[in-house]
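Note: the block below is my_file-v5.txt and it holds compact mmCIF, C-alpha atoms (C1' of nucleotides).
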# COMPACT_ATOMS: atom_id res chain seq x y z
CA MET O 260 2.73 28.52 14.28
CA ASN O 261 5.04 26.87 11.75
CA ILE O 262 4.51 23.41 10.33
CA GLY O 263 6.83 21.76 12.83
CA GLN O 264 4.88 23.15 15.75
CA ALA O 265 1.59 22.20 14.13
CA SER O 266 3.02 18.74 13.67
CA ASP O 267 3.99 18.50 17.32
CA ALA O 268 0.64 19.83 18.43
CA SER O 269 -1.37 17.47 16.23
CA GLY O 270 0.76 14.37 16.03
CA VAL O 271 0.66 14.51 12.24
CA SER O 272 4.06 14.59 10.56
CA ALA O 273 5.03 17.69 8.61
CA LYS O 274 5.34 15.50 5.55
CA MET O 275 1.77 14.36 5.90
CA ILE O 276 0.46 17.84 6.61
CA ARG O 277 1.90 19.01 3.28
CA TYR O 278 0.50 15.94 1.59
CA TYR O 279 -2.98 16.50 3.00
CA GLU O 280 -2.82 20.02 1.67
CA GLU O 281 -1.68 18.80 -1.71
CA ILE O 282 -4.56 16.36 -2.12
CA GLY O 283 -7.06 18.93 -0.92
CA LEU O 284 -7.92 17.28 2.37
CA ILE O 285 -7.04 20.49 4.13
CA ARG O 286 -7.04 24.00 2.78
CA PRO O 287 -3.78 25.52 1.52
CA MET O 288 -2.35 27.42 4.43
CA GLY O 289 -1.44 31.05 4.47
CA ARG O 290 2.24 31.79 4.11
CA THR O 291 4.50 34.24 5.77
CA GLY O 292 6.88 36.44 3.81
CA ASN O 293 9.49 33.69 3.95
CA ASN O 294 7.07 31.26 2.32
CA TYR O 295 6.54 29.30 5.52
CA ARG O 296 3.08 27.84 6.14
CA VAL O 297 1.27 29.35 9.11
CA TYR O 298 -1.08 27.36 11.32
CA GLY O 299 -3.54 28.33 14.00
CA ASP O 300 -5.45 26.40 16.62
CA GLU O 301 -8.25 25.65 14.22
CA GLU O 302 -5.95 24.00 11.74
CA VAL O 303 -4.41 21.91 14.50
CA HIS O 304 -7.89 20.87 15.52
CA VAL O 305 -8.60 19.69 11.97
CA LEU O 306 -5.32 17.79 11.90
CA ARG O 307 -6.16 16.08 15.14
CA PHE O 308 -9.55 15.15 13.73
CA ILE O 309 -7.82 13.57 10.76
CA LYS O 310 -5.38 11.76 12.96
CA ARG O 311 -8.13 10.34 15.12
CA ALA O 312 -10.11 9.23 12.07
CA ARG O 313 -7.03 7.55 10.64
CA SER O 314 -6.36 5.79 13.91
CA LEU O 315 -9.85 4.31 13.67
CA GLY O 316 -8.93 2.96 10.24
CA PHE O 317 -10.87 5.39 8.07
CA SER O 318 -9.30 5.95 4.68
CA LEU O 319 -8.33 9.46 3.72
CA GLU O 320 -11.34 9.54 1.44
CA GLU O 321 -13.67 8.56 4.26
CA THR O 322 -11.87 11.01 6.50
CA GLU O 323 -12.55 13.75 3.99
CA THR O 324 -16.24 12.86 4.02
CA LEU O 325 -16.29 12.94 7.81
CA LEU O 326 -14.43 16.21 7.86
CA LYS O 327 -16.98 17.78 5.56
CA LEU O 328 -19.82 16.45 7.65
CA TRP O 329 -18.16 17.80 10.74
CA GLN O 330 -17.96 21.22 9.22
CA ASP O 331 -21.47 21.07 7.82
CA LYS O 332 -23.87 22.31 10.45
CA GLU O 333 -26.77 20.98 8.37
CA ARG O 334 -25.51 17.41 8.44
CA THR O 335 -27.62 14.58 9.75
CA SER O 336 -26.19 12.15 12.26
CA ALA O 337 -27.58 9.42 9.97
CA ALA O 338 -25.09 10.41 7.28
CA VAL O 339 -22.21 10.17 9.73
CA LYS O 340 -23.42 6.88 11.12
CA GLU O 341 -23.66 5.49 7.62
CA VAL O 342 -19.98 6.17 7.01
CA ALA O 343 -19.10 4.58 10.32
CA THR O 344 -21.20 1.44 9.94
CA SER O 345 -19.97 0.88 6.44
CA HIS O 346 -16.43 1.13 7.72
CA ILE O 347 -17.25 -1.29 10.52
CA SER O 348 -18.51 -3.78 7.96
CA ASP O 349 -15.35 -3.44 5.98
CA LEU O 350 -13.20 -3.99 9.05
CA GLU O 351 -15.24 -7.01 10.05
CA ARG O 352 -14.92 -8.50 6.61
CA ARG O 353 -11.17 -8.09 6.71
CA ILE O 354 -10.98 -9.45 10.23
CA ALA O 355 -12.94 -12.52 9.22
CA GLU O 356 -10.67 -13.03 6.24
CA MET O 357 -7.58 -12.90 8.41
CA GLN O 358 -9.12 -15.10 11.03
CA GLY O 359 -9.68 -17.70 8.35
CA MET O 360 -6.01 -17.52 7.48
CA VAL O 361 -5.02 -17.84 11.11
CA LYS O 362 -7.26 -20.83 11.57
CA THR O 363 -5.75 -22.66 8.63
CA LEU O 364 -2.22 -21.68 9.56
CA LYS O 365 -2.62 -22.77 13.14
CA HIS O 366 -3.90 -26.11 12.02
CA LEU O 367 -0.98 -26.56 9.68
CA ALA O 368 1.54 -25.38 12.25
CA HIS O 369 0.02 -27.73 14.77
CA CYS O 370 0.52 -30.61 12.37
CA CYS O 371 4.12 -29.60 11.70
CA GLY O 372 6.78 -31.24 13.78
CA GLY O 373 8.98 -28.17 13.87
CA ASP O 374 12.00 -30.38 14.13
CA ASN O 375 15.10 -31.19 12.14
CA ARG O 376 13.35 -33.32 9.59
CA PRO O 377 12.41 -31.94 6.21
CA ASN O 378 8.92 -33.37 6.09
CA CYS O 379 6.46 -30.54 6.54
CA PRO O 380 2.67 -30.45 6.21
CA ILE O 381 2.77 -26.67 5.80
CA LEU O 382 4.76 -26.99 2.61
CA ASP O 383 2.63 -29.93 1.58
CA ASP O 384 -0.44 -27.75 1.84
CA LEU O 385 1.11 -24.91 -0.09
CA ALA O 386 2.21 -27.36 -2.74
CA GLY O 387 -1.39 -28.47 -3.09
CA ASP O 388 -0.59 -31.90 -1.81
CA SER O 389 -4.03 -32.93 -0.59
CA SER O 390 -2.65 -35.69 1.58
CA ALA O 391 -1.10 -33.02 3.73
CA SER O 392 -3.55 -32.69 6.56
CA GLY O 393 -3.05 -36.09 8.17
CA LYS O 394 0.05 -37.45 9.77
CA SER O 395 2.92 -36.38 7.69
CA THR O 396 6.25 -37.64 8.86
CA LYS O 397 5.52 -41.27 8.34
CA ALA O 398 3.10 -44.10 9.04
CA LYS O 399 0.70 -43.40 6.21
CA HIS O 400 -0.96 -46.69 7.06
CA HIS O 401 0.27 -47.45 10.52
CA ALA O 402 -2.00 -50.47 10.97
CA MET J 167 2.27 -23.69 -22.68
CA ASN J 168 2.04 -19.93 -23.15
CA ILE J 169 1.58 -17.45 -20.33
CA GLY J 170 -2.17 -17.28 -20.78
CA GLN J 171 -2.54 -21.01 -20.36
CA ALA J 172 -0.19 -20.99 -17.39
CA SER J 173 -2.33 -18.24 -15.93
CA ASP J 174 -5.51 -20.24 -16.42
CA ALA J 175 -3.89 -23.34 -14.98
CA SER J 176 -2.49 -21.60 -11.92
CA GLY J 177 -5.01 -18.88 -11.22
CA VAL J 178 -2.23 -16.28 -11.27
CA SER J 179 -2.77 -13.45 -13.74
CA ALA J 180 -0.35 -13.13 -16.64
CA LYS J 181 0.52 -9.70 -15.35
CA MET J 182 1.56 -11.13 -12.02
CA ILE J 183 3.48 -14.01 -13.57
CA ARG J 184 5.63 -11.51 -15.44
CA TYR J 185 6.00 -9.46 -12.30
CA TYR J 186 7.10 -12.46 -10.23
CA GLU J 187 9.68 -13.18 -12.86
CA GLU J 188 10.85 -9.58 -12.84
CA ILE J 189 11.40 -9.50 -9.09
CA GLY J 190 13.14 -12.86 -9.15
CA LEU J 191 10.47 -14.83 -7.33
CA ILE J 192 10.36 -17.26 -10.21
CA ARG J 193 13.03 -18.07 -12.72
CA PRO J 194 13.05 -16.27 -16.09
CA MET J 195 11.22 -18.58 -18.42
CA GLY J 196 12.53 -19.97 -21.63
CA ARG J 197 11.30 -18.25 -24.74
CA THR J 198 10.23 -19.59 -28.06
CA GLY J 199 11.47 -18.09 -31.30
CA ASN J 200 8.67 -15.57 -31.20
CA ASN J 201 9.81 -14.39 -27.76
CA TYR J 202 6.86 -15.95 -25.99
CA ARG J 203 7.46 -17.37 -22.51
CA VAL J 204 7.06 -21.13 -22.28
CA TYR J 205 5.70 -22.88 -19.19
CA GLY J 206 5.56 -26.49 -18.13
CA ASP J 207 3.74 -28.32 -15.38
CA GLU J 208 6.49 -27.63 -12.92
CA GLU J 209 6.22 -23.89 -13.38
CA VAL J 210 2.48 -24.07 -12.96
CA HIS J 211 3.03 -25.97 -9.75
CA VAL J 212 5.27 -23.22 -8.46
CA LEU J 213 2.71 -20.60 -9.42
CA ARG J 214 0.02 -22.47 -7.57
CA PHE J 215 2.28 -22.68 -4.55
CA ILE J 216 2.69 -18.92 -4.68
CA LYS J 217 -1.00 -18.36 -5.08
CA ARG J 218 -1.80 -20.55 -2.11
CA ALA J 219 0.80 -18.80 0.03
CA ARG J 220 -0.60 -15.43 -0.96
CA SER J 221 -4.11 -16.56 -0.12
CA LEU J 222 -2.89 -17.35 3.38
CA GLY J 223 -1.62 -13.80 3.66
CA PHE J 224 2.10 -14.43 3.27
CA SER J 225 3.94 -11.52 1.71
CA LEU J 226 5.86 -12.11 -1.48
CA GLU J 227 9.04 -12.00 0.56
CA GLU J 228 7.79 -14.68 2.92
CA THR J 229 6.51 -16.61 -0.05
CA GLU J 230 9.97 -16.53 -1.54
CA THR J 231 11.39 -17.93 1.68
CA LEU J 232 8.81 -20.69 1.70
CA LEU J 233 9.43 -21.44 -1.92
CA LYS J 234 13.13 -21.85 -1.29
CA LEU J 235 12.46 -24.08 1.67
CA TRP J 236 10.10 -26.14 -0.43
CA GLN J 237 12.77 -26.65 -3.01
CA ASP J 238 15.46 -27.32 -0.46
CA LYS J 239 15.47 -30.99 0.35
CA GLU J 240 17.74 -30.27 3.32
CA ARG J 241 15.28 -27.92 4.99
CA THR J 242 14.03 -28.49 8.50
CA SER J 243 10.35 -28.35 9.27
CA ALA J 244 11.32 -26.06 12.15
CA ALA J 245 12.42 -23.42 9.67
CA VAL J 246 9.12 -23.61 7.85
CA LYS J 247 7.13 -23.54 11.04
CA GLU J 248 9.03 -20.47 12.16
CA VAL J 249 7.90 -18.56 9.09
CA ALA J 250 4.34 -19.68 9.64
CA THR J 251 4.13 -18.87 13.34
CA SER J 252 5.70 -15.50 12.84
CA HIS J 253 3.10 -14.78 10.19
CA ILE J 254 0.34 -15.95 12.52
CA SER J 255 1.58 -13.51 15.16
CA ASP J 256 1.54 -10.72 12.65
CA LEU J 257 -1.99 -11.55 11.57
CA GLU J 258 -3.16 -11.74 15.16
CA ARG J 259 -1.63 -8.40 15.93
CA ARG J 260 -3.40 -6.82 13.02
CA ILE J 261 -6.66 -8.53 13.88
CA ALA J 262 -6.46 -7.22 17.44
CA GLU J 263 -5.76 -3.74 16.14
CA MET J 264 -8.80 -3.82 13.90
CA GLN J 265 -10.95 -5.32 16.59
CA GLY J 266 -10.05 -2.39 18.78
CA MET J 267 -11.22 -0.04 16.06
CA VAL J 268 -14.44 -1.98 15.63
CA LYS J 269 -15.11 -1.91 19.33
CA THR J 270 -14.71 1.84 19.53
CA LEU J 271 -16.68 2.43 16.37
CA LYS J 272 -19.54 0.23 17.46
CA HIS J 273 -19.75 2.06 20.72
CA LEU J 274 -19.82 5.39 18.96
CA ALA J 275 -22.31 4.21 16.38
CA HIS J 276 -24.47 2.84 19.13
CA CYS J 277 -24.48 6.22 20.80
CA CYS J 278 -25.33 7.98 17.55
CA GLY J 279 -28.97 8.64 16.84
CA GLY J 280 -28.63 8.09 13.12
CA ASP J 281 -31.46 10.49 12.55
CA ASN J 282 -32.06 13.86 10.92
CA ARG J 283 -30.43 15.85 13.64
CA PRO J 284 -26.87 17.12 13.31
CA ASN J 285 -25.75 16.19 16.80
CA CYS J 286 -23.38 13.25 16.51
CA PRO J 287 -21.16 11.57 19.10
CA ILE J 288 -19.06 10.04 16.35
CA LEU J 289 -17.99 13.44 15.13
CA ASP J 290 -17.64 14.60 18.72
CA ASP J 291 -15.17 11.80 19.33
CA LEU J 292 -13.19 12.53 16.20
CA ALA J 293 -13.12 16.18 17.12
CA GLY J 294 -11.57 15.21 20.45
CA ASP J 295 -14.60 16.40 22.33
CA SER J 296 -14.26 14.32 25.46
CA SER J 297 -17.88 14.91 26.49
CA ALA J 298 -18.90 12.80 23.51
CA SER J 299 -19.55 9.45 25.07
CA GLY J 300 -22.68 10.26 27.02
CA LYS J 301 -26.13 11.01 25.73
CA SER J 302 -25.83 13.31 22.83
CA THR J 303 -29.04 14.47 21.25
CA LYS J 304 -30.67 15.95 24.29
CA ALA J 305 -31.80 15.26 27.82
CA LYS J 306 -28.44 15.70 29.45
CA HIS J 307 -30.28 15.48 32.75
CA HIS J 308 -33.61 13.99 31.88
CA ALA J 309 -34.74 13.65 35.49
C1' DG W 280 -4.41 -11.64 -46.50
C1' DT W 281 -7.18 -10.15 -42.99
C1' DG W 282 -9.16 -10.03 -38.42
C1' DG W 283 -8.93 -11.08 -33.84
C1' DA W 284 -6.79 -13.10 -30.02
C1' DG W 285 -2.64 -13.42 -27.61
C1' DC W 286 1.99 -12.14 -26.65
C1' DT W 287 5.75 -8.50 -25.72
C1' DT W 288 7.48 -4.23 -23.23
C1' DC W 289 6.74 0.13 -21.06
C1' DC W 290 4.48 3.54 -18.33
C1' DC W 291 1.01 4.89 -15.00
C1' DA W 292 -2.16 4.46 -10.92
C1' DT W 293 -3.41 2.85 -6.52
C1' DC W 294 -2.86 4.09 -0.81
C1' DA W 295 -0.50 6.42 2.86
C1' DT W 296 3.70 7.18 4.32
C1' DG W 297 8.70 7.98 4.73
C1' DG W 298 13.49 9.21 3.01
C1' DG W 299 16.49 12.28 1.25
C1' DA W 300 18.62 15.97 -1.69
C1' DA W 301 19.18 20.78 -2.79
C1' DG W 302 18.44 25.16 -1.42
C1' DG W 303 16.32 29.25 1.27
C1' DT W 304 15.63 31.28 6.14
C1' DC W 305 16.06 32.30 10.73
C1' DA W 306 17.91 32.73 15.45
C1' DA W 307 21.66 32.40 18.62
C1' DG W 308 26.25 33.01 19.77
C1' DG W 309 31.08 33.87 18.76
C1' DC F 243 29.36 40.34 10.87
C1' DC F 244 29.54 35.57 10.10
C1' DT F 245 28.95 30.88 11.20
C1' DT F 246 26.31 27.05 12.72
C1' DG F 247 22.46 24.43 13.28
C1' DA F 248 17.67 23.93 13.13
C1' DC F 249 13.88 24.65 10.39
C1' DC F 250 11.42 25.52 6.20
C1' DT F 251 10.61 24.88 0.99
C1' DT F 252 10.01 21.87 -3.31
C1' DC F 253 11.02 17.81 -5.90
C1' DC F 254 11.86 13.01 -6.74
C1' DC F 255 11.89 8.21 -5.27
C1' DA F 256 10.46 4.01 -2.65
C1' DT F 257 7.30 0.96 -0.50
C1' DG F 258 3.67 -3.77 -1.74
C1' DA F 259 0.93 -6.11 -4.84
C1' DT F 260 -1.91 -5.46 -8.26
C1' DG F 261 -4.42 -3.68 -12.33
C1' DG F 262 -5.06 -0.73 -16.64
C1' DG F 263 -3.84 0.44 -20.95
C1' DA F 264 -1.03 1.69 -25.15
C1' DA F 265 1.94 0.42 -28.97
C1' DG F 266 3.65 -3.09 -31.52
C1' DC F 267 4.58 -8.02 -32.86
C1' DT F 268 2.89 -12.94 -33.77
C1' DC F 269 -0.01 -16.56 -34.72
C1' DC F 270 -4.06 -19.03 -36.19
C1' DA F 271 -8.24 -19.59 -38.62
C1' DC F 272 -10.89 -18.32 -42.25
Would you give me this structure, written as structure tokens?
Amino acid sequence: MNIGQASDASGVSAKMIRYYEEIGLIRPMGRTGNNYRVYGDEEVHVLRFIKRARSLGFSLEETETLLKLWQDKERTSAAVKEVATSHISDLERRIAEMQGMVKTLKHLAHCCGGDNRPNCPILDDLAGDSSASGKSTKAKHHA
Amino acid sequence: MNIGQASDASGVSAKMIRYYEEIGLIRPMGRTGNNYRVYGDEEVHVLRFIKRARSLGFSLEETETLLKLWQDKERTSAAVKEVATSHISDLERRIAEMQGMVKTLKHLAHCCGGDNRPNCPILDDLAGDSSASGKSTKAKHHA
DNA sequence: GTGGAGCTTCCCATCATGGGAAGGTCAAGG
DNA sequence: CCTTGACCTTCCCATGATGGGAAGCTCCAC
């Protein structure tokens, strides 16, 4: 199997397969006389493992750890779980961070007329104008 | 004001201030005879604007758009709101993506003993082993 | 005048991926 | 046999936003 076929079979681009080899994530493949890389079912299986790990958001470094654990018959499931839970924490932290952004942005967007006038609480907020959260277009003291 | 003071006043690192200048996000600053950049309150204000936009997750490109709108007295709040809502959508998409990962990972982690045994449904899943979701360590038919 | 802090530019690294050029190879079909 | 097109190889560059660090200049205080 050439790299293109391995790519099709695994869903990993040929570019990435070469890259993974370069950084040592996968073993350098055997070559044919024409210097083409040769892949077998086992290699495709590894590539699919990597692809699945990546699709769950694991970094290549974490993926490498998981790959080694997978191939280590002496591993403990605790070691694997540790990698997973730590990744979950990281994802949750990032999710919370983005949710905070969304919350603020939605509030600002809600306060913004979205019309033809230039007055905009979103810009006021970005500009650090603390009087930005209330009514913005006019009527600072409507009473 | 030198770059270090502008950095302290704005919370943007000197490194980044130079970078923003290089990419045209901010105007090239005037220099003193010794070739030091000189900043005034207005520049610090711009830097703070950028920092705030970044903290809300806007890319530098979006930040540039917002900055131009801020400085354009003819802007419409609709234009600003458009940038914001589009960014909100992007954030929500990414949040949903990560939440999907978390959901899968939590399920797998829940199914994983996290003990001294090698058997691990997390690895089974990554390996594409479809029989991974059930009980894993033993007792496939405990009855 | 000396030391240290601060400024300048320039290059490199991150992380994962893609784009593209230049050149070798192979298979099919004229 | 030769061409054509698809495929492979390596090499370099780009992304986005940031930090690190080196080499060299300046400025201020002592």
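The two atoms in question, atom CA of Ile354 of chain O and atom CA of Arg220 of chain J, are spaced 16.4 Å apart.
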Could you tell me which residues of chain F sit within 10 Å of chain O when counting all atoms listed in the file, and give me the result as a compact mmCIF listing (two decimals) with C-alpha atoms (C1' of nucleotides), in the frame of the given file?
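Result file is iface-v4.txt:
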# COMPACT_ATOMS: atom_id res chain seq x y z
C1' DC F 249 13.88 24.65 10.39
C1' DC F 250 11.42 25.52 6.20
C1' DT F 251 10.61 24.88 0.99
Q.
Show me, as a PyMOL selection string, the residues of chain W whose atoms get within 9 Å of chain O, using only C-alpha atoms (C1' of nucleotides) for the distance check.
A. chain W and resi 294-297+303-304
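Taking atom CA of Ile381 of chain O as the reference point, atom CA of Leu367 of chain O is found at 5.4 Å.
Note that the spacing between atom CA of Thr242 of chain J and atom CA of Arg376 of chain O amounts to 5.0 Å.
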Neighbouring residues of Ser173 of chain J were defined as those with any atom within 12 Å, considering only C-alpha atoms (C1' of nucleotides); residues of the same chain fewer than 5 positions away were excluded. Please report them as a PDB file with C-alpha atoms, in the frame of the given file.
ATOM      1  CA  MET J 167       2.270 -23.690 -22.680  1.00  0.00           C
ATOM      2  CA  ASN J 168       2.040 -19.930 -23.150  1.00  0.00           C
ATOM      3  CA  VAL J 178      -2.230 -16.280 -11.270  1.00  0.00           C
ATOM      4  CA  SER J 179      -2.770 -13.450 -13.740  1.00  0.00           C
ATOM      5  CA  ALA J 180      -0.350 -13.130 -16.640  1.00  0.00           C
ATOM      6  CA  LYS J 181       0.520  -9.700 -15.350  1.00  0.00           C
ATOM      7  CA  MET J 182       1.560 -11.130 -12.020  1.00  0.00           C
ATOM      8  CA  ILE J 183       3.480 -14.010 -13.570  1.00  0.00           C
ATOM      9  CA  ARG J 184       5.630 -11.510 -15.440  1.00  0.00           C
ATOM     10  CA  ARG J 203       7.460 -17.370 -22.510  1.00  0.00           C
ATOM     11  CA  VAL J 204       7.060 -21.130 -22.280  1.00  0.00           C
ATOM     12  CA  TYR J 205       5.700 -22.880 -19.190  1.00  0.00           C
ATOM     13  CA  GLY J 206       5.560 -26.490 -18.130  1.00  0.00           C
ATOM     14  CA  ASP J 207       3.740 -28.320 -15.380  1.00  0.00           C
ATOM     15  CA  GLU J 209       6.220 -23.890 -13.380  1.00  0.00           C
ATOM     16  CA  VAL J 210       2.480 -24.070 -12.960  1.00  0.00           C
ATOM     17  CA  HIS J 211       3.030 -25.970  -9.750  1.00  0.00           C
ATOM     18  CA  VAL J 212       5.270 -23.220  -8.460  1.00  0.00           C
ATOM     19  CA  LEU J 213       2.710 -20.600  -9.420  1.00  0.00           C
ATOM     20  CA  ARG J 214       0.020 -22.470  -7.570  1.00  0.00           C
ATOM     21  CA  LYS J 217      -1.000 -18.360  -5.080  1.00  0.00           C
TER      22      LYS J 217
END
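Nearest-residue note for chain O: choosing from J:Pro287, J:Gly190, J:Gly294, J:Gly280, the minimum distance belongs to J:Gly280, counting only C-alpha atoms.
Take the candidates J:Glu228, J:Asp238, J:Leu222, J:Asp295 and check each one against chain O using only C-alpha atoms; the shortest distance goes to J:Leu222.
Between Glu323 of chain O and the residues O:Lys365, O:Lys340, O:Arg352, O:Arg286, the shortest atom-to-atom distance, using only C-alpha atoms, involves O:Arg286.
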Closest pair table for chain F residues within 12 Å of segment 284-292 of chain W, all atoms listed in the file, as CSV:
residue,atom,partner,partner_atom,distance
F:DT260,C1',W:DA292,C1',10.3
F:DG261,C1',W:DA292,C1',8.6
F:DG262,C1',W:DA292,C1',8.3
F:DG263,C1',W:DC291,C1',8.9
F:DA264,C1',W:DC289,C1',8.9
F:DA265,C1',W:DT288,C1',9.2
F:DG266,C1',W:DT287,C1',8.2
F:DC267,C1',W:DT287,C1',7.3
F:DT268,C1',W:DC286,C1',7.2
F:DC269,C1',W:DG285,C1',8.2
F:DC270,C1',W:DA284,C1',9.0
F:DA271,C1',W:DA284,C1',10.9
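Of the listed residues (J:Ser221, J:Thr270, J:Thr198, J:Asn282), J:Asn282 comes nearest to chain O; the distances count all atoms listed in the file.
Distance annotation: of O:His346, O:Glu301, O:Glu351, O:Pro377, the residue with the minimal separation from chain J is O:Pro377; atom set is all atoms listed in the file.
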Q: Point out the residue among O:Glu333, O:Ile282, O:Ala268, O:Thr322 with the least atom-to-atom distance to chain J, counting only C-alpha atoms.
A: O:Glu333
Centre and edge lengths of an axis-aligned box around all listed atoms of segment 256-271 of chain F, with 4 Å added on each side, are to be given in Å to one decimal, as lines of an AutoDock Vina configuration file.
center_x = 1.1
center_y = -7.8
center_z = -19.6
size_x = 26.7
size_y = 31.6
size_z = 46.1
